[in-house]
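Below: one structure, written as structure tokens.
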Amino acid sequence: MKVNIIGRQMNVWDEMKESIEIKLRKLDKYFDDEASATVTLSSKHNKKCLEITITASGIIFRSEVEEETFRNALDRAVYSIERQIRKNKTRLQRRLRQGAFDNGIVETNEDFEEETEFKVREKSFPLKPMSTEEAIMQMNLLEHEFFVFKNDKTGDVCVVYKRRDGAYGLINTEG
């Protein structure tokens, strides 16, 4: 797996880079050599924030953790990604490295039950053309975390969402 380590408004020391690469090697058994991981480190309000994003076989795994130290955050983030893999073992078996699950999964103190079926509640609504600002207002009026709308300028289907930092995000669709 290719690993890219980024420090936001900080320098990442060599010892931490080495520690990150060692921890991520635990996940190599699931991914082929074409997989890539991006690890971003930053400090926010005296907390250490570590984000891991792994892209493999068209699937994106992501974990973002805030802790007192980067080492604790790294442990929790890697654990979280491994938990995601275990919960979706059957669905991922065909898409990840051949034989990734043959030797069993690393034992932990916690027992994880594989999610065998997704419970989906369907909802439909008219896709009304509107501006991004109008979509954000509508989302806030509904007290939702996101809102799907048709952009009145481009005609594309878009999603606005509320970010954890209180700002808003906009997802534009392609193709």
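All residue names refer to the structure tokens as shown: chains lettered A, B, ... in order, residues numbered from 1 in each chain, ligands numbered from 1 in order.
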
Report task. Can you pull out every residue within 8 Å of segment 38-47 of chain A, counting only C-alpha atoms, but drop anything in the same chain fewer than 6 positions away, and send it as a list in words? Result -> Val3, Asn4, Ile5, Ile6, Gly7, Arg8, Gln9, Met10, Val12, Thr53, Ile54, Glu66, Glu67, Glu68, Thr69 and Phe70 of chain A

Query raised in the report: Could you pull the residues within 6 Å of Phe147 of chain A, counting only C-alpha atoms, minus those fewer than 3 positions along the same chain, as a ChimeraX atom specification?
Result: /A:139,159-160

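The spacing separating atom CA of Arg76 of chain A from atom CA of Ser19 of chain A amounts to 13.6 Å.
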
Report task. Could you tell me, as a PyMOL selection string, which residues of chain A DSSP assigns to helix (DSSP H, G or I) when given the backbone? Result -> chain A and resi 14-25+70-87+89-92+132-142

Report summary line: Taken to one decimal, the atom CA of Ser36 of chain A-atom CA of Met1 of chain A distance is 5.4 Å

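If you look at atom CA of Thr55 of chain A and atom CA of Met16 of chain A, they are 21.6 Å away from each other.
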
Query raised in the report: Which residue, A:Glu133, A:Asp156, A:Glu143, A:Glu15, has the smallest gap to Gly169 of chain A when you use only C-alpha atoms?
Result: A:Glu133

Requested in this report: If you run DSSP over the backbone, which residues in segment 1-174 of chain A end up strand (DSSP E)? Put them as a PyMOL selection string.
Outcome: chain A and resi 2-7+36-44+47-56+59-67+129-130+146-151+157-162+168-172

Restricted to C-alpha atoms, what would the selected residues look like written as a short mmCIF file (atom, residue, chain, number, x, y, z; two decimals), in the first residue's frame?
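Result written to result_17.cif:
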```
data_model
loop_
_atom_site.label_atom_id
_atom_site.label_comp_id
_atom_site.auth_asym_id
_atom_site.auth_seq_id
_atom_site.Cartn_x
_atom_site.Cartn_y
_atom_site.Cartn_z
CA LYS A 2 1.27 3.46 -0.88
CA VAL A 3 1.16 5.80 2.12
CA ASN A 4 1.05 9.60 1.88
CA ILE A 5 1.43 11.49 5.20
CA ILE A 6 0.36 15.13 5.45
CA GLY A 7 0.78 17.54 8.35
CA SER A 36 -3.25 4.06 -1.39
CA ALA A 37 -3.60 5.61 2.04
CA THR A 38 -3.56 9.28 2.94
CA VAL A 39 -2.96 10.13 6.58
CA THR A 40 -3.56 13.73 7.65
CA LEU A 41 -2.44 15.02 11.05
CA SER A 42 -3.51 18.32 12.62
CA SER A 43 -4.06 19.93 16.01
CA LYS A 44 -7.40 21.48 16.93
CA LYS A 47 -6.60 17.85 20.59
CA LYS A 48 -4.66 15.81 18.06
CA CYS A 49 -6.69 14.96 14.96
CA LEU A 50 -5.70 12.09 12.67
CA GLU A 51 -7.59 11.17 9.51
CA ILE A 52 -6.92 8.05 7.45
CA THR A 53 -8.41 7.60 3.98
CA ILE A 54 -7.67 4.37 2.11
CA THR A 55 -8.68 3.90 -1.51
CA ALA A 56 -8.63 0.33 -2.81
CA ILE A 59 -13.80 1.53 -2.36
CA ILE A 60 -12.99 4.31 0.11
CA PHE A 61 -12.38 3.57 3.78
CA ARG A 62 -12.17 6.58 6.10
CA SER A 63 -11.65 7.23 9.77
CA GLU A 64 -11.18 10.54 11.58
CA VAL A 65 -10.23 10.52 15.26
CA GLU A 66 -9.48 13.20 17.86
CA GLU A 67 -7.39 12.17 20.88
CA PRO A 129 -34.19 23.53 -9.07
CA MET A 130 -32.71 25.98 -6.55
CA PHE A 146 -27.88 17.19 4.34
CA PHE A 147 -30.17 18.16 1.50
CA VAL A 148 -30.34 16.93 -2.13
CA PHE A 149 -31.31 19.48 -4.77
CA LYS A 150 -31.03 20.32 -8.46
CA ASN A 151 -28.68 23.25 -9.08
CA VAL A 157 -27.97 17.04 -8.81
CA CYS A 158 -26.06 18.34 -5.76
CA VAL A 159 -25.93 17.77 -2.03
CA VAL A 160 -25.37 20.39 0.66
CA TYR A 161 -24.43 19.25 4.14
CA LYS A 162 -23.52 20.63 7.52
CA TYR A 168 -21.41 23.92 5.05
CA GLY A 169 -20.24 21.61 2.28
CA LEU A 170 -21.42 21.19 -1.29
CA ILE A 171 -21.08 17.97 -3.27
CA ASN A 172 -21.41 18.33 -7.05
#
```

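Checking A:Ile136, A:Ile85, A:Ala167, A:Val120 one by one against Phe31 of chain A, counting only C-alpha atoms, you find the shortest gap at A:Ile85.
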
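For the choices A:Lys17, A:Arg163, A:Lys153, A:Lys23, the atom-to-atom distance to Glu82 of chain A is smallest for A:Lys23 when using only C-alpha atoms.
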
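Counting only C-alpha atoms and comparing A:Gly58, A:Tyr30, A:Phe125, A:Phe118, the residue that lies closest to Ile81 of chain A is A:Tyr30.
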
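Ranking A:Pro126, A:Leu27, A:Gly166, A:Ile22 by their shortest atom-to-atom distance to Arg86 of chain A, with only C-alpha atoms included, puts A:Leu27 first.
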